[in-house]
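Chemist: Here you go, this is model02.txt (compact mmCIF, N, CA and C atoms).
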# COMPACT_ATOMS: atom_id res chain seq x y z
N MET A 1 1.08 -16.61 5.60
CA MET A 1 2.03 -16.65 6.68
C MET A 1 1.99 -15.40 7.55
N LEU A 2 1.82 -14.23 6.93
CA LEU A 2 1.78 -13.00 7.73
C LEU A 2 0.42 -12.85 8.41
N ASP A 3 0.45 -12.47 9.66
CA ASP A 3 -0.78 -12.15 10.38
C ASP A 3 -1.06 -10.66 10.29
N HIS A 4 0.00 -9.85 10.47
CA HIS A 4 -0.14 -8.41 10.32
C HIS A 4 1.23 -7.77 10.15
N LEU A 5 1.22 -6.53 9.67
CA LEU A 5 2.44 -5.77 9.41
C LEU A 5 2.23 -4.37 9.95
N SER A 6 3.24 -3.81 10.59
CA SER A 6 3.16 -2.45 11.13
C SER A 6 4.36 -1.65 10.65
N ILE A 7 4.12 -0.40 10.25
CA ILE A 7 5.22 0.48 9.87
C ILE A 7 5.18 1.73 10.73
N GLN A 8 6.37 2.31 10.95
CA GLN A 8 6.49 3.55 11.70
C GLN A 8 6.49 4.72 10.72
N CYS A 9 5.79 5.79 11.08
CA CYS A 9 5.62 6.94 10.20
C CYS A 9 6.10 8.22 10.86
N ALA A 10 6.72 9.08 10.08
CA ALA A 10 7.17 10.38 10.59
C ALA A 10 5.97 11.26 10.90
N ASP A 11 4.93 11.19 10.07
CA ASP A 11 3.72 11.98 10.25
C ASP A 11 2.54 11.04 10.07
N VAL A 12 2.02 10.52 11.17
CA VAL A 12 0.95 9.52 11.12
C VAL A 12 -0.28 10.09 10.41
N ALA A 13 -0.63 11.33 10.65
CA ALA A 13 -1.81 11.92 10.01
C ALA A 13 -1.66 11.94 8.49
N ALA A 14 -0.49 12.32 7.99
CA ALA A 14 -0.26 12.35 6.53
C ALA A 14 -0.31 10.94 5.96
N SER A 15 0.31 9.98 6.64
CA SER A 15 0.28 8.60 6.17
C SER A 15 -1.13 8.04 6.22
N ALA A 16 -1.87 8.35 7.27
CA ALA A 16 -3.26 7.88 7.38
C ALA A 16 -4.11 8.43 6.25
N ALA A 17 -3.94 9.69 5.90
CA ALA A 17 -4.71 10.26 4.80
C ALA A 17 -4.40 9.52 3.49
N PHE A 18 -3.12 9.21 3.26
CA PHE A 18 -2.72 8.46 2.07
C PHE A 18 -3.36 7.08 2.06
N TYR A 19 -3.19 6.31 3.15
CA TYR A 19 -3.70 4.95 3.18
C TYR A 19 -5.22 4.89 3.24
N ASP A 20 -5.88 5.87 3.89
CA ASP A 20 -7.34 5.95 3.84
C ASP A 20 -7.81 6.00 2.39
N ALA A 21 -7.12 6.80 1.58
CA ALA A 21 -7.51 6.98 0.18
C ALA A 21 -7.20 5.76 -0.66
N VAL A 22 -5.95 5.31 -0.65
CA VAL A 22 -5.56 4.26 -1.61
C VAL A 22 -6.10 2.88 -1.24
N LEU A 23 -6.20 2.55 0.03
CA LEU A 23 -6.65 1.20 0.38
C LEU A 23 -8.13 0.99 0.10
N SER A 24 -8.89 2.07 0.02
CA SER A 24 -10.31 1.92 -0.31
C SER A 24 -10.49 1.34 -1.70
N SER A 25 -9.55 1.62 -2.61
CA SER A 25 -9.64 1.09 -3.97
C SER A 25 -9.39 -0.42 -4.01
N LEU A 26 -8.83 -0.97 -2.93
CA LEU A 26 -8.50 -2.40 -2.88
C LEU A 26 -9.44 -3.17 -1.95
N GLY A 27 -10.47 -2.50 -1.45
CA GLY A 27 -11.43 -3.15 -0.57
C GLY A 27 -11.09 -3.08 0.90
N GLY A 28 -9.98 -2.40 1.24
CA GLY A 28 -9.58 -2.25 2.63
C GLY A 28 -10.05 -0.93 3.19
N ARG A 29 -10.01 -0.83 4.51
CA ARG A 29 -10.40 0.42 5.16
C ARG A 29 -9.83 0.46 6.57
N ARG A 30 -9.92 1.66 7.15
CA ARG A 30 -9.49 1.84 8.54
C ARG A 30 -10.47 1.10 9.43
N LEU A 31 -9.94 0.20 10.26
CA LEU A 31 -10.79 -0.59 11.15
C LEU A 31 -10.63 -0.23 12.62
N MET A 32 -9.44 0.25 13.01
CA MET A 32 -9.19 0.57 14.41
C MET A 32 -8.31 1.80 14.53
N ASP A 33 -8.58 2.59 15.56
CA ASP A 33 -7.76 3.75 15.91
C ASP A 33 -7.44 3.66 17.39
N PHE A 34 -6.16 3.69 17.71
CA PHE A 34 -5.71 3.76 19.09
C PHE A 34 -4.81 4.98 19.19
N GLY A 35 -5.39 6.17 19.17
CA GLY A 35 -4.60 7.39 19.16
C GLY A 35 -3.84 7.50 17.86
N GLU A 36 -2.50 7.44 17.94
CA GLU A 36 -1.69 7.54 16.73
C GLU A 36 -1.39 6.18 16.09
N VAL A 37 -2.00 5.13 16.56
CA VAL A 37 -1.83 3.82 15.96
C VAL A 37 -3.13 3.45 15.26
N ILE A 38 -3.02 3.13 13.97
CA ILE A 38 -4.21 2.93 13.14
C ILE A 38 -4.09 1.59 12.43
N GLY A 39 -5.18 0.81 12.45
CA GLY A 39 -5.21 -0.50 11.81
C GLY A 39 -6.11 -0.51 10.60
N TYR A 40 -5.61 -1.10 9.50
CA TYR A 40 -6.35 -1.20 8.24
C TYR A 40 -6.53 -2.66 7.87
N GLY A 41 -7.57 -2.92 7.11
CA GLY A 41 -7.77 -4.27 6.60
C GLY A 41 -9.17 -4.45 6.08
N VAL A 42 -9.55 -5.71 6.01
CA VAL A 42 -10.91 -6.11 5.66
C VAL A 42 -11.49 -6.72 6.92
N ALA A 43 -12.66 -6.25 7.34
CA ALA A 43 -13.25 -6.72 8.59
C ALA A 43 -13.24 -8.25 8.64
N PRO A 44 -13.00 -8.81 9.79
CA PRO A 44 -13.09 -8.18 11.09
C PRO A 44 -11.75 -7.74 11.69
N LYS A 45 -10.60 -8.00 11.02
CA LYS A 45 -9.31 -7.81 11.69
C LYS A 45 -8.35 -6.97 10.85
N PRO A 46 -7.73 -5.96 11.47
CA PRO A 46 -6.69 -5.21 10.76
C PRO A 46 -5.47 -6.08 10.49
N GLU A 47 -4.88 -5.88 9.32
CA GLU A 47 -3.67 -6.62 8.95
C GLU A 47 -2.50 -5.69 8.71
N PHE A 48 -2.79 -4.40 8.54
CA PHE A 48 -1.75 -3.41 8.23
C PHE A 48 -1.92 -2.26 9.22
N TRP A 49 -0.81 -1.90 9.89
CA TRP A 49 -0.86 -0.90 10.94
C TRP A 49 0.12 0.23 10.68
N LEU A 50 -0.28 1.44 11.08
CA LEU A 50 0.57 2.62 11.07
C LEU A 50 0.77 3.08 12.50
N GLY A 51 1.95 3.59 12.79
CA GLY A 51 2.20 4.16 14.10
C GLY A 51 3.33 5.18 14.00
N PRO A 52 3.55 5.95 15.05
CA PRO A 52 4.62 6.95 15.02
C PRO A 52 6.00 6.31 15.13
N CYS A 53 7.01 7.01 14.64
CA CYS A 53 8.40 6.55 14.79
C CYS A 53 8.76 6.59 16.27
N VAL A 54 9.09 5.44 16.82
CA VAL A 54 9.44 5.38 18.24
C VAL A 54 10.75 4.64 18.49
N THR A 55 11.26 3.94 17.49
CA THR A 55 12.51 3.21 17.67
C THR A 55 13.41 3.43 16.45
N GLY A 56 14.68 3.25 16.66
CA GLY A 56 15.65 3.33 15.56
C GLY A 56 15.90 4.75 15.11
N GLU A 57 16.91 4.88 14.28
CA GLU A 57 17.27 6.19 13.73
C GLU A 57 17.37 6.06 12.23
N GLY A 58 17.07 7.14 11.53
CA GLY A 58 17.16 7.13 10.08
C GLY A 58 15.99 6.42 9.44
N PHE A 59 16.06 6.31 8.13
CA PHE A 59 14.97 5.71 7.36
C PHE A 59 15.49 4.51 6.59
N ARG A 60 14.74 3.44 6.63
CA ARG A 60 15.02 2.26 5.82
C ARG A 60 13.77 1.94 5.05
N GLU A 61 13.86 2.06 3.73
CA GLU A 61 12.69 1.84 2.87
C GLU A 61 12.14 0.43 3.01
N ALA A 62 10.82 0.35 3.07
CA ALA A 62 10.12 -0.93 3.05
C ALA A 62 9.37 -1.05 1.73
N HIS A 63 9.17 -2.26 1.27
CA HIS A 63 8.32 -2.52 0.11
C HIS A 63 7.07 -3.21 0.64
N ILE A 64 5.92 -2.62 0.36
CA ILE A 64 4.65 -3.13 0.85
C ILE A 64 3.77 -3.36 -0.36
N ALA A 65 3.37 -4.61 -0.60
CA ALA A 65 2.52 -4.94 -1.74
C ALA A 65 1.14 -5.36 -1.23
N PHE A 66 0.11 -4.66 -1.69
CA PHE A 66 -1.26 -4.97 -1.33
C PHE A 66 -1.92 -5.70 -2.49
N GLY A 67 -2.61 -6.78 -2.20
CA GLY A 67 -3.31 -7.54 -3.22
C GLY A 67 -4.54 -6.80 -3.72
N ALA A 68 -4.73 -6.83 -5.02
CA ALA A 68 -5.90 -6.22 -5.66
C ALA A 68 -6.75 -7.32 -6.26
N PRO A 69 -8.07 -7.18 -6.22
CA PRO A 69 -8.93 -8.23 -6.75
C PRO A 69 -8.89 -8.34 -8.27
N ASP A 70 -8.54 -7.23 -8.94
CA ASP A 70 -8.48 -7.24 -10.40
C ASP A 70 -7.61 -6.08 -10.86
N ARG A 71 -7.37 -6.02 -12.16
CA ARG A 71 -6.50 -5.00 -12.73
C ARG A 71 -7.11 -3.61 -12.63
N ALA A 72 -8.42 -3.53 -12.70
CA ALA A 72 -9.08 -2.23 -12.56
C ALA A 72 -8.78 -1.63 -11.19
N ALA A 73 -8.73 -2.47 -10.16
CA ALA A 73 -8.43 -1.98 -8.81
C ALA A 73 -6.99 -1.48 -8.73
N VAL A 74 -6.06 -2.13 -9.44
CA VAL A 74 -4.67 -1.65 -9.48
C VAL A 74 -4.64 -0.26 -10.11
N ARG A 75 -5.35 -0.08 -11.20
CA ARG A 75 -5.38 1.22 -11.87
C ARG A 75 -6.03 2.29 -10.99
N GLU A 76 -7.07 1.91 -10.26
CA GLU A 76 -7.74 2.86 -9.37
C GLU A 76 -6.83 3.23 -8.21
N PHE A 77 -6.14 2.26 -7.62
CA PHE A 77 -5.16 2.52 -6.58
C PHE A 77 -4.14 3.55 -7.08
N PHE A 78 -3.61 3.32 -8.27
CA PHE A 78 -2.60 4.20 -8.85
C PHE A 78 -3.17 5.60 -9.06
N ARG A 79 -4.36 5.69 -9.61
CA ARG A 79 -5.00 6.99 -9.87
C ARG A 79 -5.15 7.77 -8.56
N ILE A 80 -5.67 7.12 -7.55
CA ILE A 80 -5.89 7.78 -6.26
C ILE A 80 -4.55 8.18 -5.64
N ALA A 81 -3.57 7.32 -5.68
CA ALA A 81 -2.25 7.63 -5.11
C ALA A 81 -1.66 8.86 -5.78
N VAL A 82 -1.73 8.93 -7.10
CA VAL A 82 -1.20 10.08 -7.83
C VAL A 82 -1.97 11.34 -7.44
N GLU A 83 -3.29 11.23 -7.29
CA GLU A 83 -4.09 12.39 -6.85
C GLU A 83 -3.68 12.89 -5.48
N THR A 84 -3.20 12.00 -4.61
CA THR A 84 -2.78 12.43 -3.27
C THR A 84 -1.39 13.06 -3.31
N GLY A 85 -0.72 13.00 -4.47
CA GLY A 85 0.61 13.57 -4.60
C GLY A 85 1.73 12.57 -4.47
N ALA A 86 1.40 11.27 -4.46
CA ALA A 86 2.43 10.24 -4.32
C ALA A 86 3.38 10.27 -5.51
N GLU A 87 4.66 10.04 -5.23
CA GLU A 87 5.66 9.91 -6.29
C GLU A 87 5.42 8.60 -7.04
N VAL A 88 5.42 8.67 -8.35
CA VAL A 88 5.23 7.49 -9.18
C VAL A 88 6.56 6.76 -9.31
N LEU A 89 6.56 5.48 -8.98
CA LEU A 89 7.73 4.65 -9.20
C LEU A 89 7.57 3.86 -10.50
N HIS A 90 6.42 3.19 -10.66
CA HIS A 90 6.14 2.41 -11.87
C HIS A 90 4.63 2.46 -12.13
N GLU A 91 4.25 2.89 -13.31
CA GLU A 91 2.84 2.94 -13.69
C GLU A 91 2.29 1.51 -13.83
N PRO A 92 0.95 1.37 -13.80
CA PRO A 92 0.36 0.04 -13.92
C PRO A 92 0.74 -0.62 -15.25
N ARG A 93 1.18 -1.86 -15.16
CA ARG A 93 1.46 -2.65 -16.36
C ARG A 93 1.73 -4.09 -15.97
N GLU A 94 1.70 -4.96 -16.97
CA GLU A 94 2.10 -6.34 -16.76
C GLU A 94 3.59 -6.39 -16.55
N ARG A 95 4.00 -7.32 -15.71
CA ARG A 95 5.42 -7.53 -15.44
C ARG A 95 5.74 -9.00 -15.63
N PRO A 96 5.85 -9.44 -16.90
CA PRO A 96 6.10 -10.85 -17.16
C PRO A 96 7.45 -11.32 -16.63
N GLU A 97 8.36 -10.37 -16.37
CA GLU A 97 9.65 -10.76 -15.78
C GLU A 97 9.46 -11.29 -14.36
N TYR A 98 8.34 -10.97 -13.71
CA TYR A 98 8.04 -11.52 -12.38
C TYR A 98 7.37 -12.89 -12.54
N HIS A 99 6.25 -12.92 -13.26
CA HIS A 99 5.60 -14.17 -13.68
C HIS A 99 4.43 -13.81 -14.58
N ALA A 100 3.94 -14.78 -15.33
CA ALA A 100 2.81 -14.55 -16.23
C ALA A 100 1.60 -14.08 -15.42
N GLY A 101 0.93 -13.04 -15.89
CA GLY A 101 -0.26 -12.52 -15.24
C GLY A 101 -0.02 -11.49 -14.14
N TYR A 102 1.26 -11.19 -13.84
CA TYR A 102 1.57 -10.22 -12.78
C TYR A 102 1.29 -8.83 -13.31
N TYR A 103 0.42 -8.08 -12.62
CA TYR A 103 0.05 -6.73 -13.02
C TYR A 103 0.15 -5.84 -11.80
N GLY A 104 1.02 -4.84 -11.83
CA GLY A 104 1.21 -4.03 -10.64
C GLY A 104 1.50 -2.57 -10.95
N ALA A 105 1.36 -1.75 -9.92
CA ALA A 105 1.69 -0.33 -9.95
C ALA A 105 2.39 0.00 -8.64
N PHE A 106 3.40 0.89 -8.70
CA PHE A 106 4.23 1.20 -7.55
C PHE A 106 4.30 2.71 -7.34
N VAL A 107 4.13 3.15 -6.09
CA VAL A 107 4.24 4.57 -5.72
C VAL A 107 5.00 4.66 -4.39
N ARG A 108 5.34 5.88 -3.99
CA ARG A 108 5.93 6.11 -2.66
C ARG A 108 4.85 6.68 -1.74
N ASP A 109 4.82 6.18 -0.52
CA ASP A 109 3.92 6.74 0.49
C ASP A 109 4.56 7.99 1.08
N PRO A 110 3.88 8.70 1.99
CA PRO A 110 4.44 9.94 2.54
C PRO A 110 5.79 9.77 3.25
N ASP A 111 6.12 8.56 3.70
CA ASP A 111 7.40 8.32 4.36
C ASP A 111 8.48 7.83 3.40
N GLY A 112 8.15 7.62 2.14
CA GLY A 112 9.13 7.17 1.17
C GLY A 112 9.15 5.68 0.93
N ASN A 113 8.21 4.94 1.52
CA ASN A 113 8.15 3.50 1.29
C ASN A 113 7.62 3.20 -0.11
N ASN A 114 8.07 2.10 -0.67
CA ASN A 114 7.64 1.62 -1.98
C ASN A 114 6.36 0.82 -1.77
N VAL A 115 5.23 1.37 -2.23
CA VAL A 115 3.93 0.75 -2.01
C VAL A 115 3.36 0.31 -3.36
N GLU A 116 2.93 -0.92 -3.40
CA GLU A 116 2.46 -1.53 -4.65
C GLU A 116 1.05 -2.07 -4.48
N ALA A 117 0.27 -1.99 -5.56
CA ALA A 117 -0.97 -2.75 -5.68
C ALA A 117 -0.70 -3.77 -6.77
N VAL A 118 -1.04 -5.04 -6.51
CA VAL A 118 -0.73 -6.10 -7.47
C VAL A 118 -1.91 -7.05 -7.61
N CYS A 119 -2.10 -7.49 -8.86
CA CYS A 119 -3.12 -8.47 -9.20
C CYS A 119 -2.43 -9.59 -9.95
N HIS A 120 -2.82 -10.83 -9.71
CA HIS A 120 -2.17 -11.98 -10.33
C HIS A 120 -3.08 -12.72 -11.30
N VAL A 121 -4.16 -12.07 -11.74
CA VAL A 121 -5.09 -12.71 -12.68
C VAL A 121 -5.21 -11.87 -13.95
N PRO A 122 -5.49 -12.52 -15.09
CA PRO A 122 -5.61 -11.78 -16.34
C PRO A 122 -6.82 -10.84 -16.33
N GLU A 123 -6.80 -9.91 -17.30
CA GLU A 123 -7.90 -8.94 -17.45
C GLU A 123 -9.20 -9.67 -17.71
For this file, write the structure as structure tokens.

Modeler:
Amino acid sequence: MLDHLSIQCADVAASAAFYDAVLSSLGGRRLMDFGEVIGYGVAPKPEFWLGPCVTGEGFREAHIAFGAPDRAAVREFFRIAVETGAEVLHEPRERPEYHAGYYGAFVRDPDGNNVEAVCHVPE
């Protein structure tokens, strides 16, 4: 249903460094740069965008879940995120309370958003 998602960042360069690192573990990469607006995804089209804060006041946390091809990619996402200094919310593990086979890890991005890598297939 979603075509693309865009979030506003207090420091686009810091957020870009974070997403450049962690999305590579999930097969995504930076595909477009329009100054301070950056598009990520799997070629040919960006699906996730970063840009500067230009509207609204204050911060409202978003939850962003990126699909991982397997559990190893979830663990790699988590490892890289922690190396970048991301706050750990939930380490990689199965979450049967969500559904059978749900395996995810959760961290905070530089703006405080809850960012997850999730896989829905068994090991």

Chemist: In terms of the shortest atom-to-atom distance over only C-alpha atoms, which of A:Ala68, A:Ala62, A:Leu5, A:Val121 is closest to Arg108 (chain A)?

Modeler: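 Ranking A:Ala68, A:Ala62, A:Leu5, A:Val121 by distance to Arg108 (chain A), first place goes to A:Ala62.
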
Chemist: Using only C-alpha atoms for the distances, tell me which of A:Thr84, A:Thr55, A:Asn113, A:Ser25 is nearest to Ala72 (chain A).

Modeler: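 Once distances to Ala72 (chain A) are computed over only C-alpha atoms, the minimum belongs to A:Ser25.
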
Chemist: Take CA of Asp3 (chain A) and CA of Phe78 (chain A) and report the distance between them in Å, one decimal.

Modeler: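 Computing it gives 25.3 Å between the two atoms.
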
Chemist: Report as a list in words: the residues of chain A with a DSSP assignment of helix (DSSP H, G or I), based on the backbone of this structure.

Modeler: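 Reading the DSSP output for chain A, helix (DSSP H, G or I) covers Val12, Ala13, Ala14, Ser15, Ala16, Ala17, Phe18, Tyr19, Asp20, Ala21, Val22, Leu23, Ser24, Arg71, Ala72, Ala73, Val74, Arg75, Glu76, Phe77, Phe78, Arg79, Ile80, Ala81, Val82 and Glu83 of chain A.
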
Chemist: With only C-alpha atoms as the atoms that count, which of A:Glu97, A:Ile38, A:Glu116, A:Glu61 lies nearest to Leu26 (chain A)?

Modeler: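 Using only C-alpha atoms, the shortest distance to Leu26 (chain A) belongs to A:Glu116.
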
Chemist: With all atoms listed in the file as the basis for distance, which of A:Ile7, A:Ala16, A:Ala43, A:Val74 is at the shortest distance from Gly28 (chain A)?

Modeler: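 For Gly28 (chain A), the nearest of the candidates is A:Ala43.
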
Chemist: What is the CA of Val22 (chain A) to CA of Val118 (chain A) distance in Å?

Modeler: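 We find that CA of Val22 (chain A) and CA of Val118 (chain A) lie 12.8 Å from each other.
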
Chemist: Can you pull out every residue from chain A that DSSP, working from the backbone, puts in strand (DSSP E), and format the result as a CSV table (one decimal) with N, CA and C atoms, in the frame of the given file?

Modeler:
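Done, and the output landed in out_37.csv:
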chain,number,residue,atom,x,y,z
A,5,LEU,N,1.2,-6.5,9.7
A,5,LEU,CA,2.4,-5.8,9.4
A,5,LEU,C,2.2,-4.4,10.0
A,6,SER,N,3.2,-3.8,10.6
A,6,SER,CA,3.2,-2.4,11.1
A,6,SER,C,4.4,-1.6,10.6
A,7,ILE,N,4.1,-0.4,10.2
A,7,ILE,CA,5.2,0.5,9.9
A,7,ILE,C,5.2,1.7,10.7
A,8,GLN,N,6.4,2.3,11.0
A,8,GLN,CA,6.5,3.6,11.7
A,8,GLN,C,6.5,4.7,10.7
A,9,CYS,N,5.8,5.8,11.1
A,9,CYS,CA,5.6,6.9,10.2
A,9,CYS,C,6.1,8.2,10.9
A,29,ARG,N,-10.0,-0.8,4.5
A,29,ARG,CA,-10.4,0.4,5.2
A,29,ARG,C,-9.8,0.5,6.6
A,30,ARG,N,-9.9,1.7,7.2
A,30,ARG,CA,-9.5,1.8,8.5
A,30,ARG,C,-10.5,1.1,9.4
A,31,LEU,N,-9.9,0.2,10.3
A,31,LEU,CA,-10.8,-0.6,11.2
A,31,LEU,C,-10.6,-0.2,12.6
A,32,MET,N,-9.4,0.2,13.0
A,32,MET,CA,-9.2,0.6,14.4
A,32,MET,C,-8.3,1.8,14.5
A,33,ASP,N,-8.6,2.6,15.6
A,33,ASP,CA,-7.8,3.8,15.9
A,33,ASP,C,-7.4,3.7,17.4
A,34,PHE,N,-6.2,3.7,17.7
A,34,PHE,CA,-5.7,3.8,19.1
A,34,PHE,C,-4.8,5.0,19.2
A,37,VAL,N,-2.0,5.1,16.6
A,37,VAL,CA,-1.8,3.8,16.0
A,37,VAL,C,-3.1,3.4,15.3
A,38,ILE,N,-3.0,3.1,14.0
A,38,ILE,CA,-4.2,2.9,13.1
A,38,ILE,C,-4.1,1.6,12.4
A,39,GLY,N,-5.2,0.8,12.4
A,39,GLY,CA,-5.2,-0.5,11.8
A,39,GLY,C,-6.1,-0.5,10.6
A,40,TYR,N,-5.6,-1.1,9.5
A,40,TYR,CA,-6.4,-1.2,8.2
A,40,TYR,C,-6.5,-2.7,7.9
A,41,GLY,N,-7.6,-2.9,7.1
A,41,GLY,CA,-7.8,-4.3,6.6
A,41,GLY,C,-9.2,-4.4,6.1
A,42,VAL,N,-9.6,-5.7,6.0
A,42,VAL,CA,-10.9,-6.1,5.7
A,42,VAL,C,-11.5,-6.7,6.9
A,45,LYS,N,-10.6,-8.0,11.0
A,45,LYS,CA,-9.3,-7.8,11.7
A,45,LYS,C,-8.4,-7.0,10.8
A,46,PRO,N,-7.7,-6.0,11.5
A,46,PRO,CA,-6.7,-5.2,10.8
A,46,PRO,C,-5.5,-6.1,10.5
A,47,GLU,N,-4.9,-5.9,9.3
A,47,GLU,CA,-3.7,-6.6,9.0
A,47,GLU,C,-2.5,-5.7,8.7
A,48,PHE,N,-2.8,-4.4,8.5
A,48,PHE,CA,-1.8,-3.4,8.2
A,48,PHE,C,-1.9,-2.3,9.2
A,49,TRP,N,-0.8,-1.9,9.9
A,49,TRP,CA,-0.9,-0.9,10.9
A,49,TRP,C,0.1,0.2,10.7
A,50,LEU,N,-0.3,1.4,11.1
A,50,LEU,CA,0.6,2.6,11.1
A,50,LEU,C,0.8,3.1,12.5
A,51,GLY,N,2.0,3.6,12.8
A,51,GLY,CA,2.2,4.2,14.1
A,51,GLY,C,3.3,5.2,14.0
A,52,PRO,N,3.6,6.0,15.0
A,52,PRO,CA,4.6,7.0,15.0
A,52,PRO,C,6.0,6.3,15.1
A,63,HIS,N,9.2,-2.3,1.3
A,63,HIS,CA,8.3,-2.5,0.1
A,63,HIS,C,7.1,-3.2,0.6
A,64,ILE,N,5.9,-2.6,0.4
A,64,ILE,CA,4.6,-3.1,0.8
A,64,ILE,C,3.8,-3.4,-0.4
A,65,ALA,N,3.4,-4.6,-0.6
A,65,ALA,CA,2.5,-4.9,-1.7
A,65,ALA,C,1.1,-5.4,-1.2
A,66,PHE,N,0.1,-4.7,-1.7
A,66,PHE,CA,-1.3,-5.0,-1.3
A,66,PHE,C,-1.9,-5.7,-2.5
A,67,GLY,N,-2.6,-6.8,-2.2
A,67,GLY,CA,-3.3,-7.5,-3.2
A,67,GLY,C,-4.5,-6.8,-3.7
A,88,VAL,N,5.4,8.7,-8.4
A,88,VAL,CA,5.2,7.5,-9.2
A,88,VAL,C,6.6,6.8,-9.3
A,89,LEU,N,6.6,5.5,-9.0
A,89,LEU,CA,7.7,4.6,-9.2
A,89,LEU,C,7.6,3.9,-10.5
A,90,HIS,N,6.4,3.2,-10.7
A,90,HIS,CA,6.1,2.4,-11.9
A,90,HIS,C,4.6,2.5,-12.1
A,91,GLU,N,4.2,2.9,-13.3
A,91,GLU,CA,2.8,2.9,-13.7
A,91,GLU,C,2.3,1.5,-13.8
A,92,PRO,N,1.0,1.4,-13.8
A,92,PRO,CA,0.4,0.0,-13.9
A,92,PRO,C,0.7,-0.6,-15.2
A,93,ARG,N,1.2,-1.9,-15.2
A,93,ARG,CA,1.5,-2.6,-16.4
A,93,ARG,C,1.7,-4.1,-16.0
A,94,GLU,N,1.7,-5.0,-17.0
A,94,GLU,CA,2.1,-6.3,-16.8
A,94,GLU,C,3.6,-6.4,-16.6
A,103,TYR,N,0.4,-8.1,-12.6
A,103,TYR,CA,0.0,-6.7,-13.0
A,103,TYR,C,0.2,-5.8,-11.8
A,104,GLY,N,1.0,-4.8,-11.8
A,104,GLY,CA,1.2,-4.0,-10.6
A,104,GLY,C,1.5,-2.6,-11.0
A,105,ALA,N,1.4,-1.8,-9.9
A,105,ALA,CA,1.7,-0.3,-10.0
A,105,ALA,C,2.4,0.0,-8.6
A,106,PHE,N,3.4,0.9,-8.7
A,106,PHE,CA,4.2,1.2,-7.6
A,106,PHE,C,4.3,2.7,-7.3
A,107,VAL,N,4.1,3.2,-6.1
A,107,VAL,CA,4.2,4.6,-5.7
A,107,VAL,C,5.0,4.7,-4.4
A,108,ARG,N,5.3,5.9,-4.0
A,108,ARG,CA,5.9,6.1,-2.7
A,108,ARG,C,4.8,6.7,-1.7
A,114,ASN,N,8.1,2.1,-0.7
A,114,ASN,CA,7.6,1.6,-2.0
A,114,ASN,C,6.4,0.8,-1.8
A,115,VAL,N,5.2,1.4,-2.2
A,115,VAL,CA,3.9,0.8,-2.0
A,115,VAL,C,3.4,0.3,-3.4
A,116,GLU,N,2.9,-0.9,-3.4
A,116,GLU,CA,2.5,-1.5,-4.6
A,116,GLU,C,1.0,-2.1,-4.5
A,117,ALA,N,0.3,-2.0,-5.6
A,117,ALA,CA,-1.0,-2.8,-5.7
A,117,ALA,C,-0.7,-3.8,-6.8
A,118,VAL,N,-1.0,-5.0,-6.5
A,118,VAL,CA,-0.7,-6.1,-7.5
A,118,VAL,C,-1.9,-7.0,-7.6
A,119,CYS,N,-2.1,-7.5,-8.9
A,119,CYS,CA,-3.1,-8.5,-9.2
A,119,CYS,C,-2.4,-9.6,-10.0

Chemist: At a cut-off of 7 Å, using all atoms listed in the file, what residues contact Phe106 (chain A)? Leave out same-chain residues fewer than 2 positions from it and give the result as a list in words.

Modeler: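 These residues fall inside the cut-off: Phe78, Glu87, Val88, Leu89, His90, Glu91, Pro92, Gly104, Arg108, Asn114, Val115, Glu116 and Ala117 of chain A.
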
Chemist: Between A:Phe59, A:Phe48, A:Glu36, A:Val42, single out the one closest to Ala13 (chain A), counting only N, CA and C atoms.

Modeler: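 For Ala13 (chain A), the nearest of the candidates is A:Glu36.
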
Chemist: Taking only N, CA and C atoms into account, name the residue in A:Tyr98, A:Gly27, A:Arg60, A:Met1 that is nearest to Ala73 (chain A).

Modeler: A:Gly27
